[in-house]
>>> print(open('upload-v9.txt').read())   # compact mmCIF, C-alpha atoms
# COMPACT_ATOMS: atom_id res chain seq x y z
CA MET Y 1 96.07 113.62 -20.38
CA SER Y 2 95.72 117.10 -18.85
CA HIS Y 3 92.37 118.84 -18.92
CA GLY Y 4 91.63 122.46 -19.78
CA SER Y 5 93.16 124.29 -22.75
CA PRO Y 6 96.70 123.09 -23.40
CA ILE Y 7 99.26 125.48 -24.89
CA PRO Y 8 99.17 124.88 -28.66
CA THR Y 9 102.15 123.11 -30.22
CA ARG Y 10 103.85 125.59 -32.56
CA VAL Y 11 105.05 124.18 -35.87
CA LEU Y 12 107.14 126.28 -38.30
CA LEU Y 13 106.40 125.69 -42.02
CA GLY Y 14 108.81 127.03 -44.67
CA THR Y 15 107.13 128.08 -47.96
CA ALA Y 16 108.76 130.24 -50.73
CA THR Y 17 108.92 133.77 -52.16
CA PRO Y 18 105.74 135.89 -52.13
CA GLY Y 19 103.50 135.65 -55.18
CA GLY Y 20 104.10 131.98 -55.94
CA GLY Y 21 102.02 128.87 -55.32
CA PHE Y 22 103.80 127.69 -52.16
CA PRO Y 23 102.91 130.62 -49.85
CA LEU Y 24 99.31 130.40 -51.06
CA TYR Y 25 99.14 126.66 -50.38
CA GLY Y 26 101.03 126.94 -47.07
CA GLY Y 27 98.53 129.48 -45.73
CA VAL Y 28 95.59 127.24 -46.63
CA VAL Y 29 97.16 124.15 -45.04
CA ALA Y 30 98.14 126.05 -41.87
CA GLU Y 31 94.58 127.29 -41.43
CA ALA Y 32 93.02 123.89 -42.19
CA ILE Y 33 95.27 122.03 -39.71
CA GLY Y 34 94.56 124.61 -37.00
CA GLN Y 35 90.81 124.25 -37.51
CA ALA Y 36 90.94 120.44 -37.54
CA ASP Y 37 93.14 120.33 -34.42
CA PRO Y 38 93.29 123.57 -32.39
CA SER Y 39 96.18 122.10 -30.34
CA LEU Y 40 98.39 122.63 -33.44
CA MET Y 41 99.49 126.11 -34.45
CA ILE Y 42 101.21 126.26 -37.85
CA GLU Y 43 103.30 129.35 -38.45
CA THR Y 44 104.34 129.94 -42.09
CA ARG Y 45 107.65 131.51 -43.09
CA ASN Y 46 108.60 132.88 -46.52
CA THR Y 47 111.86 131.41 -47.81
CA LYS Y 48 113.73 131.44 -51.11
CA GLY Y 49 111.87 128.25 -52.05
CA SER Y 50 112.53 124.54 -52.31
CA THR Y 51 116.31 124.73 -52.68
CA GLU Y 52 116.59 126.69 -49.41
CA ASN Y 53 113.94 124.62 -47.66
CA VAL Y 54 115.96 121.38 -47.81
CA PRO Y 55 118.97 122.75 -45.85
CA LEU Y 56 116.60 124.56 -43.45
CA LEU Y 57 114.94 121.21 -42.69
CA GLU Y 58 118.29 119.45 -42.32
CA ALA Y 59 119.45 122.11 -39.86
CA GLY Y 60 116.18 121.88 -37.90
CA GLU Y 61 115.50 125.59 -38.49
CA VAL Y 62 111.98 124.74 -39.69
CA ASP Y 63 109.80 121.79 -38.67
CA LEU Y 64 108.12 121.34 -42.03
CA ALA Y 65 108.73 122.81 -45.47
CA LEU Y 66 107.22 122.67 -48.94
CA VAL Y 67 109.57 120.99 -51.41
CA GLN Y 68 109.01 120.74 -55.14
CA GLY Y 69 109.31 117.30 -56.72
CA GLU Y 70 112.64 117.65 -58.53
CA VAL Y 71 114.34 119.21 -55.50
CA ALA Y 72 113.01 116.39 -53.30
CA HIS Y 73 114.23 113.82 -55.84
CA GLU Y 74 117.74 115.30 -55.98
CA ALA Y 75 117.99 115.73 -52.21
CA LEU Y 76 116.77 112.22 -51.33
CA ALA Y 77 118.76 110.53 -54.11
CA GLY Y 78 121.93 112.48 -53.29
CA ILE Y 79 122.30 114.10 -56.73
CA GLY Y 80 125.01 116.76 -56.52
CA ARG Y 81 125.09 116.44 -52.73
CA ALA Y 82 124.97 113.89 -49.90
CA PRO Y 83 121.55 112.16 -49.63
CA ALA Y 84 119.23 114.15 -47.34
CA LYS Y 85 117.80 112.36 -44.31
CA LEU Y 86 114.35 113.90 -44.55
CA TYR Y 87 110.84 112.47 -44.30
CA ILE Y 88 107.67 113.02 -46.30
CA LEU Y 89 104.76 114.24 -44.17
CA ALA Y 90 102.27 114.47 -47.04
CA ALA Y 91 101.97 114.76 -50.80
CA MET Y 92 101.00 118.32 -51.73
CA TYR Y 93 99.85 118.31 -55.35
CA SER Y 94 101.06 117.29 -58.78
CA THR Y 95 102.81 119.90 -60.91
CA ALA Y 96 102.52 119.58 -64.67
CA GLY Y 97 105.21 121.88 -66.11
CA MET Y 98 104.13 124.33 -68.81
CA PHE Y 99 104.96 127.59 -70.56
CA ILE Y 100 102.33 130.31 -70.91
CA VAL Y 101 102.29 132.92 -73.67
CA ARG Y 102 99.84 135.71 -74.50
CA ALA Y 103 97.06 134.56 -76.83
CA ASP Y 104 98.34 136.96 -79.52
CA SER Y 105 101.81 135.34 -79.50
CA PRO Y 106 102.75 133.42 -82.67
CA VAL Y 107 104.47 130.75 -80.52
CA ARG Y 108 102.83 127.30 -80.58
CA SER Y 109 105.68 124.95 -79.67
CA ILE Y 110 108.69 124.68 -77.36
CA ALA Y 111 110.96 124.83 -80.44
CA ALA Y 112 109.52 128.25 -81.32
CA LEU Y 113 110.57 129.56 -77.88
CA GLN Y 114 114.27 128.82 -78.48
CA GLY Y 115 116.44 131.93 -78.42
CA GLN Y 116 113.69 134.01 -76.80
CA ARG Y 117 113.57 135.72 -73.40
CA ILE Y 118 111.82 133.32 -71.00
CA ALA Y 119 110.98 133.96 -67.32
CA PHE Y 120 111.80 130.60 -65.72
CA GLY Y 121 110.85 131.64 -62.18
CA ALA Y 122 112.52 132.60 -58.91
CA LYS Y 123 116.14 131.44 -58.62
CA GLY Y 124 115.50 129.14 -55.65
CA SER Y 125 112.26 127.70 -57.00
CA GLY Y 126 111.87 124.01 -57.72
CA LEU Y 127 109.95 124.98 -60.86
CA VAL Y 128 113.25 126.17 -62.37
CA ILE Y 129 114.72 122.71 -61.77
CA LEU Y 130 111.64 121.02 -63.25
CA SER Y 131 112.15 123.09 -66.43
CA ARG Y 132 115.80 121.96 -66.59
CA TYR Y 133 114.77 118.29 -66.50
CA VAL Y 134 111.98 118.77 -69.05
CA LEU Y 135 114.25 120.66 -71.47
CA ASP Y 136 117.14 118.24 -70.91
CA GLY Y 137 114.82 115.40 -71.96
CA LEU Y 138 114.48 117.26 -75.28
CA GLY Y 139 118.22 117.85 -75.64
CA LEU Y 140 117.89 121.55 -74.75
CA ARG Y 141 119.75 123.64 -72.18
CA GLN Y 142 117.90 126.34 -70.29
CA ASP Y 143 120.76 128.87 -70.21
CA ASP Y 144 122.18 128.15 -73.69
CA ASP Y 145 119.12 127.60 -75.88
CA PHE Y 146 116.97 130.35 -74.32
CA GLU Y 147 117.60 133.81 -72.91
CA ALA Y 148 116.77 132.67 -69.39
CA ILE Y 149 115.44 135.27 -66.93
CA TYR Y 150 115.41 134.45 -63.19
CA LEU Y 151 113.15 136.45 -60.92
CA GLU Y 152 113.68 137.93 -57.46
CA ARG Y 153 110.05 137.15 -56.65
CA ALA Y 154 107.81 134.61 -58.36
CA GLY Y 155 105.06 137.24 -58.50
CA ASP Y 156 107.09 139.44 -60.89
CA GLY Y 157 106.72 137.08 -63.88
CA PRO Y 158 103.15 137.67 -65.12
CA ALA Y 159 103.61 141.42 -65.77
CA MET Y 160 106.71 140.65 -67.84
CA VAL Y 161 104.66 138.40 -70.16
CA LEU Y 162 101.75 140.85 -70.32
CA ASP Y 163 103.92 143.84 -71.25
CA GLY Y 164 106.15 141.88 -73.65
CA ARG Y 165 109.43 141.95 -71.69
CA VAL Y 166 109.51 138.13 -71.97
CA ALA Y 167 107.99 135.82 -74.59
CA ALA Y 168 106.80 133.26 -72.05
CA LEU Y 169 106.60 132.35 -68.38
CA TRP Y 170 107.38 128.85 -67.11
CA GLY Y 171 105.35 127.42 -64.23
CA GLY Y 172 103.19 124.48 -63.33
CA GLY Y 173 100.27 122.78 -61.71
CA VAL Y 174 96.67 123.75 -61.09
CA GLY Y 175 95.71 127.20 -59.81
CA TRP Y 176 99.28 128.51 -60.03
CA PRO Y 177 99.04 132.26 -59.32
CA GLY Y 178 101.41 133.29 -62.13
CA PHE Y 179 99.37 131.46 -64.76
CA THR Y 180 96.09 132.75 -63.37
CA ALA Y 181 97.41 136.32 -63.61
CA VAL Y 182 98.52 135.95 -67.26
CA ALA Y 183 95.38 134.05 -68.33
CA SER Y 184 93.24 136.77 -66.71
CA GLY Y 185 95.01 139.48 -68.70
CA PRO Y 186 93.53 141.27 -71.73
CA GLY Y 187 93.15 138.85 -74.64
CA GLY Y 188 93.84 135.73 -72.57
CA ALA Y 189 96.67 133.25 -72.94
CA ARG Y 190 97.82 129.94 -74.40
CA PHE Y 191 99.80 127.09 -72.83
CA ILE Y 192 102.80 125.45 -74.51
CA THR Y 193 103.70 121.88 -73.44
CA PRO Y 194 105.68 118.95 -74.85
CA ASP Y 195 103.79 117.05 -77.56
CA ALA Y 196 103.21 113.27 -77.14
CA GLU Y 197 106.51 112.29 -78.80
CA GLN Y 198 108.46 114.86 -76.77
CA ALA Y 199 106.76 113.75 -73.52
CA ALA Y 200 107.78 110.13 -74.23
CA ARG Y 201 111.41 111.23 -74.75
CA ILE Y 202 111.43 113.21 -71.48
CA LEU Y 203 109.90 110.34 -69.45
CA LYS Y 204 112.35 107.83 -70.93
CA LYS Y 205 115.34 109.95 -69.87
CA HIS Y 206 113.96 111.06 -66.48
CA ALA Y 207 111.87 108.20 -65.12
CA PHE Y 208 110.97 109.97 -61.85
CA LEU Y 209 108.83 112.42 -63.83
CA LYS Y 210 105.22 111.43 -64.52
CA PRO Y 211 102.69 112.11 -67.27
CA LEU Y 212 100.19 114.59 -65.81
CA THR Y 213 97.03 116.27 -67.08
CA VAL Y 214 95.56 119.62 -66.08
CA ALA Y 215 91.76 119.37 -66.24
CA PRO Y 216 89.72 121.91 -68.26
CA GLY Y 217 88.83 125.09 -66.38
CA ALA Y 218 91.92 125.10 -64.13
CA TYR Y 219 92.70 128.55 -65.58
CA PRO Y 220 90.59 131.38 -67.03
CA GLY Y 221 89.67 130.61 -70.65
CA GLN Y 222 91.15 127.08 -70.57
CA GLY Y 223 88.53 125.03 -72.40
CA ALA Y 224 90.46 121.79 -72.93
CA ALA Y 225 92.59 119.47 -70.83
CA ILE Y 226 96.35 120.09 -71.04
CA ALA Y 227 98.72 117.09 -71.12
CA SER Y 228 102.29 117.55 -69.91
CA VAL Y 229 104.90 115.98 -67.65
CA GLY Y 230 105.86 116.84 -64.10
CA SER Y 231 106.10 115.63 -60.55
CA TRP Y 232 104.53 115.65 -57.08
CA SER Y 233 105.60 118.20 -54.49
CA PHE Y 234 105.74 117.27 -50.81
CA ILE Y 235 105.33 118.67 -47.33
CA MET Y 236 108.61 117.43 -45.87
CA ALA Y 237 109.62 117.10 -42.22
CA ARG Y 238 112.91 117.66 -40.41
CA PRO Y 239 114.60 114.34 -39.54
CA THR Y 240 114.09 114.91 -35.80
CA LEU Y 241 110.33 115.66 -35.95
CA PRO Y 242 108.80 113.51 -33.18
CA ALA Y 243 106.60 110.62 -34.35
CA ASP Y 244 103.67 111.71 -32.17
CA LEU Y 245 103.74 115.22 -33.69
CA ALA Y 246 103.88 113.83 -37.25
CA TYR Y 247 100.91 111.60 -36.35
CA ARG Y 248 98.88 114.57 -35.03
CA LEU Y 249 99.73 116.70 -38.08
CA VAL Y 250 98.72 114.09 -40.65
CA ARG Y 251 95.58 113.20 -38.68
CA ALA Y 252 94.55 116.88 -38.78
CA LEU Y 253 95.35 117.07 -42.50
CA HIS Y 254 93.28 113.94 -43.15
CA ARG Y 255 90.34 115.36 -41.17
CA ALA Y 256 90.64 118.57 -43.21
CA GLU Y 257 90.64 116.76 -46.59
CA PRO Y 258 87.00 117.57 -47.44
CA SER Y 259 87.60 121.31 -46.95
CA LEU Y 260 91.08 121.61 -48.51
CA GLY Y 261 89.91 121.47 -52.13
CA ALA Y 262 87.16 123.98 -51.39
CA ARG Y 263 89.75 126.42 -50.01
CA LEU Y 264 92.25 125.95 -52.85
CA GLU Y 265 91.70 123.68 -55.87
CA GLN Y 266 95.19 122.15 -55.96
CA ALA Y 267 95.03 121.41 -52.21
CA GLY Y 268 92.31 118.89 -53.03
CA GLU Y 269 95.16 116.58 -54.09
CA THR Y 270 96.57 116.60 -50.54
CA THR Y 271 95.14 113.25 -49.44
CA ALA Y 272 96.43 110.34 -47.40
CA ALA Y 273 96.02 108.04 -50.41
CA ASN Y 274 98.03 110.38 -52.66
CA THR Y 275 100.84 110.54 -50.09
CA LEU Y 276 101.34 106.80 -50.42
CA ALA Y 277 100.94 106.86 -54.21
CA ALA Y 278 103.36 109.77 -54.74
CA ALA Y 279 106.14 108.74 -52.32
CA PRO Y 280 109.05 107.17 -54.26
CA TYR Y 281 109.03 104.41 -51.63
CA VAL Y 282 107.11 103.99 -48.39
CA GLU Y 283 110.16 104.19 -46.10
CA LEU Y 284 110.50 107.87 -47.00
CA VAL Y 285 107.15 108.58 -45.33
CA HIS Y 286 107.58 109.67 -41.68
CA PRO Y 287 107.08 106.73 -39.26
CA GLY Y 288 104.43 108.72 -37.35
CA VAL Y 289 102.54 109.31 -40.59
CA ARG Y 290 102.77 105.63 -41.54
CA GLU Y 291 101.32 104.66 -38.16
CA TYR Y 292 98.28 106.89 -38.82
CA LEU Y 293 97.88 105.65 -42.41
CA ARG Y 294 97.82 102.02 -41.21
CA GLU Y 295 95.16 102.94 -38.64
CA ILE Y 296 92.88 104.27 -41.40
CA GLY Y 297 93.43 101.13 -43.46
CA LEU Y 298 96.09 102.20 -45.95
CA PRO Y 299 99.02 99.82 -46.69
CA ALA Y 300 101.81 101.86 -45.10
>>> encode(input="upload-v9.txt", output="structure tokens")
Amino acid sequence: MSHGSPIPTRVLLGTATPGGGFPLYGGVVAEAIGQADPSLMIETRNTKGSTENVPLLEAGEVDLALVQGEVAHEALAGIGRAPAKLYILAAMYSTAGMFIVRADSPVRSIAALQGQRIAFGAKGSGLVILSRYVLDGLGLRQDDDFEAIYLERAGDGPAMVLDGRVAALWGGGVGWPGFTAVASGPGGARFITPDAEQAARILKKHAFLKPLTVAPGAYPGQGAAIASVGSWSFIMARPTLPADLAYRLVRALHRAEPSLGARLEQAGETTAANTLAAAPYVELVHPGVREYLREIGLPA
């Protein structure tokens, strides 16, 4: 081991379009890893989102990238493409899919949104794919049963709800910037999710989705818990990421766990235990990560 200050190892992390949850989360994680292990320097890069991040990882153009749950599922399972040979570095956070409307909207159910203009998110976003699975579980088609609007930037959606250009915005998770912006608007907002019977239908058809609950207070004016369905997103690694680097990265993340939730509420779900719980099966977790998890006593 050399003494003195070694040159930091640079790691490139792909996120998504400005204004969405991924760039926000990526910045927090990059800073936390750098503070926990100054020998690691995480550089974030805006991308078109999850659907671009998978091929970027496969090509080795980024070392790590944030990948939404449905995109990860389709890539790893080989749905509509050859199975991706990618690894999970860590679970990010769970994303319960939801619509948001202004509080003065008459809409109180998914059925009442049919035929209306809906902002489903940025074209390359995994959230758009989550909405397709959720609606498909209800026998609905995003582009046929709604007037679907796709955004250039995730950050463009809230203003469209607030000024009435769209009836609702689709998004998900805790602390999602788009929802925070709408809920903070004049008059507040209301969330629309599948009811219990609808959730059961969705989960029966798409078993990789999970029942998820957003705790009270996750958004301005949200007094009660919100039940929905959704998935876990992942920090994924290129197939050639060295085991020792994966080990150092997850060790730094684990050391940063106490501070992650303080920096960003949803980042509090980025834990070693959640990585094991959220991974579809343990072999998808990077071997270097599994070595570290076993050292801290987790069954990897």
>>> axis_aligned_box(input="upload-v9.txt", around="stretch 297-300 of chain Y", padding_each_side="6 Å", output="AutoDock Vina command-line options")
--center_x 97.6 --center_y 101.0 --center_z -45.1 --size_x 20.4 --size_y 14.4 --size_z 15.2
>>> residues_around(input="upload-v9.txt", residues="Y:Leu64", least_positions_apart="5", cutoff="7 Å", atoms="all atoms listed in the file", output="mmCIF file with C-alpha atoms, keeping the file's coordinate frame")
data_model
loop_
_atom_site.group_PDB
_atom_site.id
_atom_site.type_symbol
_atom_site.label_atom_id
_atom_site.label_comp_id
_atom_site.auth_asym_id
_atom_site.auth_seq_id
_atom_site.Cartn_x
_atom_site.Cartn_y
_atom_site.Cartn_z
ATOM 1 C CA LEU Y 12 107.140 126.280 -38.300
ATOM 2 C CA LEU Y 13 106.400 125.690 -42.020
ATOM 3 C CA GLY Y 14 108.810 127.030 -44.670
ATOM 4 C CA LEU Y 57 114.940 121.210 -42.690
ATOM 5 C CA ILE Y 235 105.330 118.670 -47.330
ATOM 6 C CA MET Y 236 108.610 117.430 -45.870
ATOM 7 C CA ALA Y 237 109.620 117.100 -42.220
ATOM 8 C CA ARG Y 238 112.910 117.660 -40.410
#
>>> closest_residue(input="upload-v9.txt", among="Y:Lys123, Y:Arg102, Y:Arg153, Y:Lys48", to="Y:Gly188", atoms="all atoms listed in the file")
Y:Arg102
>>> closest_residue(input="upload-v9.txt", among="Y:Ile192, Y:Val28, Y:Ala199, Y:Ala84", to="Y:Asp136", atoms="all atoms listed in the file")
Y:Ala199
>>> closest_residue(input="upload-v9.txt", among="Y:Asp195, Y:Asp143, Y:Glu43, Y:Asp37", to="Y:Ile110", atoms="all atoms listed in the file")
Y:Asp195
>>> atom_distance(input="upload-v9.txt", atom1="atom CA of Y:Thr17", atom2="atom CA of Y:Gly185")
22.4 Å
>>> closest_residue(input="upload-v9.txt", among="Y:Gly175, Y:Gly60, Y:Pro186, Y:Gly34", to="Y:Asp104", atoms="all atoms listed in the file")
Y:Pro186
>>> closest_residue(input="upload-v9.txt", among="Y:Pro216, Y:Pro55, Y:Gly288, Y:Gly21", to="Y:Phe179", atoms="only C-alpha atoms")
Y:Gly21
>>> residues_around(input="upload-v9.txt", residues="Y:Ser228", least_positions_apart="6", cutoff="7 Å", atoms="all atoms listed in the file", output="list of chain:residue names")
Y:Ala96, Y:Gly97, Y:Thr193, Y:Pro194, Y:Ala199, Y:Pro211, Y:Leu212, Y:Thr213
>>> closest_residue(input="upload-v9.txt", among="Y:Val62, Y:Leu284, Y:Leu209, Y:Ala82", to="Y:Leu241", atoms="all atoms listed in the file")
Y:Val62
>>> atom_distance(input="upload-v9.txt", atom1="atom CA of Y:Leu260", atom2="atom CA of Y:Val214")
18.2 Å
>>> residues_around(input="upload-v9.txt", residues="Y:Phe208", least_positions_apart="4", cutoff="12 Å", atoms="all atoms listed in the file", output="compact mmCIF listing (two decimals) with C-alpha atoms, in the frame of the given file")
# COMPACT_ATOMS: atom_id res chain seq x y z
CA GLY Y 69 109.31 117.30 -56.72
CA GLU Y 70 112.64 117.65 -58.53
CA VAL Y 71 114.34 119.21 -55.50
CA ALA Y 72 113.01 116.39 -53.30
CA HIS Y 73 114.23 113.82 -55.84
CA GLU Y 74 117.74 115.30 -55.98
CA ALA Y 77 118.76 110.53 -54.11
CA LEU Y 130 111.64 121.02 -63.25
CA TYR Y 133 114.77 118.29 -66.50
CA VAL Y 134 111.98 118.77 -69.05
CA ILE Y 202 111.43 113.21 -71.48
CA LEU Y 203 109.90 110.34 -69.45
CA LYS Y 204 112.35 107.83 -70.93
CA VAL Y 229 104.90 115.98 -67.65
CA GLY Y 230 105.86 116.84 -64.10
CA SER Y 231 106.10 115.63 -60.55
CA TRP Y 232 104.53 115.65 -57.08
CA ALA Y 278 103.36 109.77 -54.74
CA ALA Y 279 106.14 108.74 -52.32
CA PRO Y 280 109.05 107.17 -54.26
CA TYR Y 281 109.03 104.41 -51.63
>>> residues_around(input="upload-v9.txt", residues="Y:Met92", least_positions_apart="5", cutoff="10 Å", atoms="all atoms listed in the file", output="number ranges by chain")
Y: 22, 25-26, 29, 66-69, 232-236, 266-271, 274-275, 278
>>> atom_distance(input="upload-v9.txt", atom1="atom CA of Y:Ile42", atom2="atom CA of Y:Glu58")
18.9 Å
>>> residues_near_point(input="upload-v9.txt", point="(109.9, 134.0, -64.6)", cutoff="7 Å", atoms="all atoms listed in the file", output="list in words")
Ile118, Ala119, Phe120, Gly121, Ala122, Ile149, Tyr150, Leu151, Ala154, Gly157, Leu169 and Trp170 of chain Y
